[in-house]
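J.: Have a look at this one before I ask anything.
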Amino acid sequence: MRQFLKYLLATLLGLFIFTFLGIIIFAGIIGAASSKKETTVAKNSVLKLDLNEPIRERSADNPFAAFGGNGDASVLGLIEIKEALKKAKDDDNIQGVYIDAQNPQAGWATLEEVRNALIDFKKSKKFVYSYAEVMTEKAYYIASVADKVYLNPAGDLEWNGIAAELTFFKGTLDKLGLKPEIFRVGTFKSAVEPFLLDKMSDPNRLQTASFLNSINDHFLVGVSKSRGIPTATLRGYADSLSIQTPADALRYKLVTNTGYFDELETDMKRAMKVDDKKKIEYVGLGKYKNAESDSEGDDDDDDKLISKNRIAVIIANGDINSGDGDENSIGSDKIAGEIRKARLNESIKAVVLRINSGGGSALASDVMWREVQLTRKVKPIIASFSDYAASGGYFMAMGCNKIVAQPNTITGSIGVFALMFNTENLFKDKLGVTFDRVLTNPHADFPSATKPLSDFDRKVLQTSVNRIYASFTKKVADGRKLSVDSVKAIAGGRVWTGIQGKAIGLVDQLGGLDEAVKVAATEAKLKDDDYRLRYYPAQEDTFKKVMKYFGNGDDDNARVQTALGPLAPVVKQLKKLQSLQGVQARMPFEIDIR
């Protein structure tokens, strides 16, 4: 017994010491990750834009960046990229920008914002150079604004047009014995087609071709202005696959140089007028955002500001569901609460609702729409569309005073659907599982996923979907000051680009977040120097981020993408099935535009 107690006490002591040390180490991680080390930018520095990671609306700091590794990879936020370029424009220590972009993981509207920020930076007369071993068309869209566009002599430039690929699951469902029960309104509401068909319907193919050509036309116009090549010529290059080698890209003036990275650096040193043997000082986004700056941006500095006026920018990014959501999804409780707080805050004179969403729950969308309506009665609220503001994403915005979208934003998709699966055959034929039930009323188990729906069940569900669609189109008509009939003529679930949306009355003005802020300031009768921006919701603190790092965390999508490569979109679509509860206001299920 004495020997047993001795071992027990030793074990307990060891556990205590291990736990104590673990707490100290964990606290050290939190402390180090929470500390903001100010960066000193050396003279003759170059701002490096590494755009090969996913670009979100706001950056998500890496809690472990303080312990080494690539800290910059965790700060690819669109807002931070634009702020860095704006600061670098007037920073005497920054001589130019080096763009490292091969395959940006972002939508076309996000790239439009980055591109326009680079064009604005060039007004400083500082250089912008780009280098890549390979470049997709998205990467080239960014690089095309550079003074020098370097392509590795053994590399590749994609120049063959823009494509959209959709994934269909009908064959899989047939093999599993799963029968989809689908209720929708709108000829173009194609979000359910992957479960019904093995290819696109004619209406879906029509709308997809329409918005793809709109995006491509805008892309070609932008490149034409930057490189001085007629759009018809650029289109011909893609039609004939003329760009087969880097030498072709150089001959047809899509790039300015074919060369290696050391040759690019030699060119940059020449532009900076520094010795060839001197090392170039690069500063990445992660470090540059902590560099000394004269700009005001924190609430702690409010007492130093002349004006107390604020414009709130509320970021709504991801699929729409009820609840709180997170940094990569829109929870109606969270966003509705942020809109409400902005409405009640007297210092906030206007609100910009920044939306990047293909939709989701119709109910959750309606909850947020109500807060928009209430806010509009008190102060201006302006919608700013990013890559997507479709279906439920448009639902959120349709009550705003004004809607601002990028030319290549995907919007519209005004329609709804409900989706169920009859799993009876799957359980019976594949697993040998059967079900039986006792009911107190004829429809007590309505709706059930383990038996076929009756005609009465289908009628009830379709009536519910029709009712929500009627409400959706009526609210669009009221918000946009259109007739219900004219809304229904452009609704039906059809997807449009920002350019097309402006032409049919769904969008007021073309532009990015900066333009939306200017509209908000004008509506609130604020001068340019008479307000400060505040971004909401507040980002998660370091402790939560550390905990998520050890759990599933916000990086699941990035991890799936890395692990599965081209199969990642399929897995993501299957995962989304878990969230298709209730009537959905969602754009075509998943479109991979590239």
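In the structure tokens, chains take letters A, B, ... by order of appearance, with residues numbered from 1 within each chain and ligands from 1 in the order shown.
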Give me the residues near Gly228 in chain A as a compact mmCIF listing (two decimals) with N, CA, C and O atoms, in the first residue's frame, where near means some atom within 12 Å (using only C-alpha atoms) and where sequence neighbours in that chain fewer than 5 positions away do not count.
T.:
# COMPACT_ATOMS: atom_id res chain seq x y z
N SER A 144 -1.15 43.24 -64.73
CA SER A 144 -1.21 44.06 -65.94
C SER A 144 -1.08 45.55 -65.66
O SER A 144 -0.79 46.33 -66.57
N VAL A 145 -1.28 45.98 -64.42
CA VAL A 145 -1.14 47.41 -64.11
C VAL A 145 0.31 47.78 -63.79
O VAL A 145 0.63 48.96 -63.64
N LEU A 220 -11.12 42.29 -70.23
CA LEU A 220 -10.38 42.67 -71.43
C LEU A 220 -10.25 44.18 -71.55
O LEU A 220 -9.20 44.69 -71.97
N VAL A 221 -11.30 44.91 -71.18
CA VAL A 221 -11.23 46.37 -71.23
C VAL A 221 -10.16 46.88 -70.27
O VAL A 221 -9.36 47.78 -70.60
N GLY A 222 -10.11 46.30 -69.06
CA GLY A 222 -9.10 46.70 -68.08
C GLY A 222 -7.69 46.44 -68.56
O GLY A 222 -6.80 47.30 -68.44
N VAL A 223 -7.45 45.25 -69.10
CA VAL A 223 -6.12 44.90 -69.60
C VAL A 223 -5.76 45.78 -70.79
O VAL A 223 -4.61 46.24 -70.93
N THR A 233 -8.04 42.41 -80.21
CA THR A 233 -6.77 41.68 -80.35
C THR A 233 -6.58 40.72 -79.18
O THR A 233 -6.18 39.55 -79.38
N LEU A 234 -6.86 41.20 -77.98
CA LEU A 234 -6.75 40.34 -76.79
C LEU A 234 -7.69 39.15 -76.89
O LEU A 234 -7.32 38.02 -76.54
N TYR A 252 3.73 39.45 -78.01
CA TYR A 252 2.42 40.09 -78.14
C TYR A 252 2.18 41.16 -77.07
O TYR A 252 1.06 41.63 -76.89
N LYS A 253 3.23 41.52 -76.34
CA LYS A 253 3.25 42.66 -75.41
C LYS A 253 2.33 42.50 -74.20
O LYS A 253 1.93 43.49 -73.59
N LEU A 254 2.05 41.25 -73.83
CA LEU A 254 1.32 41.04 -72.59
C LEU A 254 2.25 41.19 -71.39
O LEU A 254 1.81 41.57 -70.30
N VAL A 255 3.53 40.87 -71.57
CA VAL A 255 4.53 41.10 -70.54
C VAL A 255 5.61 42.00 -71.11
O VAL A 255 5.79 42.10 -72.33
J.: Excluding Phe127 in chain A and residues on its chain fewer than 6 positions from it, collect all residues at most 12 Å away from it, counting only C-alpha atoms, and give them as a list of chain:residue names.
T.: A:Ser45, A:Val46, A:Leu47, A:Ala88, A:Lys89, A:Ile94, A:Gln95, A:Gly96, A:Val97, A:Tyr98, A:Ile99, A:Leu118, A:Ile119, A:Asp120, A:Phe121, A:Val145, A:Ala146, A:Asp147, A:Lys148, A:Val149, A:Asp267, A:Met268, A:Lys269, A:Arg270, A:Ala271, A:Met272
J.: Quick check for you: according to DSSP on this backbone, which residues of range 210-348 of chain A are classed as alpha helix (DSSP H)? Reply as JSON, numbers by chain.
T.: {"A": [210, 211, 212, 213, 214, 215, 216, 217, 218, 219, 220, 221, 222, 223, 224, 225, 226, 227, 231, 232, 233, 234, 235, 236, 237, 238, 239, 240, 246, 247, 248, 249, 250, 251, 261, 262, 263, 264, 265, 266, 267, 268, 269, 270, 271, 272, 285, 286, 287, 288, 332, 333, 334, 335, 336, 337, 338, 339, 340, 341, 342, 343, 344]}
J.: Taking 5 positions as the minimum chain separation for residues in the same chain, which residues sit within 12 Å of Glu112 in chain A when counting only C-alpha atoms? Answer as a PyMOL selection string.
T.: chain A and resi 78+82+106-107+117-119+138-145+215+218-219+222-223+385-387+405-409+510-513
J.: Can I get the selection written as a JSON list (two decimals), in the first residue's frame, with C-alpha atoms?
T.:
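Output contents, as saved in selection.json:
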[["chain", "number", "residue", "atom", "x", "y", "z"],
["A", 78, "LEU", "CA", -8.65, 43.15, -48.73],
["A", 82, "LYS", "CA", -5.77, 48.64, -49.63],
["A", 106, "ALA", "CA", -10.12, 35.52, -54.74],
["A", 107, "GLY", "CA", -13.15, 36.53, -56.75],
["A", 117, "ALA", "CA", -5.67, 50.39, -55.30],
["A", 118, "LEU", "CA", -2.47, 49.67, -57.28],
["A", 119, "ILE", "CA", -3.53, 52.10, -60.00],
["A", 138, "LYS", "CA", -6.69, 36.42, -62.45],
["A", 139, "ALA", "CA", -3.03, 36.92, -61.58],
["A", 140, "TYR", "CA", -2.40, 38.69, -64.86],
["A", 141, "TYR", "CA", -5.34, 41.04, -64.24],
["A", 142, "ILE", "CA", -3.45, 42.31, -61.17],
["A", 143, "ALA", "CA", -0.02, 42.24, -62.82],
["A", 144, "SER", "CA", -1.21, 44.06, -65.94],
["A", 145, "VAL", "CA", -1.14, 47.41, -64.11],
["A", 215, "ILE", "CA", -16.97, 39.55, -66.57],
["A", 218, "HIS", "CA", -14.71, 43.99, -68.34],
["A", 219, "PHE", "CA", -11.47, 42.03, -67.83],
["A", 222, "GLY", "CA", -9.10, 46.70, -68.08],
["A", 223, "VAL", "CA", -6.12, 44.90, -69.60],
["A", 385, "PHE", "CA", -21.05, 44.44, -52.94],
["A", 386, "SER", "CA", -17.85, 42.39, -53.11],
["A", 387, "ASP", "CA", -17.45, 39.19, -55.19],
["A", 405, "ALA", "CA", -21.32, 47.06, -56.78],
["A", 406, "GLN", "CA", -18.19, 46.29, -58.73],
["A", 407, "PRO", "CA", -18.68, 45.78, -62.49],
["A", 408, "ASN", "CA", -17.77, 42.09, -62.05],
["A", 409, "THR", "CA", -19.76, 41.44, -58.86],
["A", 510, "LEU", "CA", -20.47, 50.91, -59.87],
["A", 511, "GLY", "CA", -17.46, 50.96, -57.58],
["A", 512, "GLY", "CA", -15.80, 49.38, -54.57],
["A", 513, "LEU", "CA", -15.85, 49.88, -50.84]]
J.: Under the rule that only C-alpha atoms are counted, which of A:Thr411, A:Thr208, A:Ser124, A:Asn317 is the nearest residue to Gly498 in chain A?
T.: A:Thr411
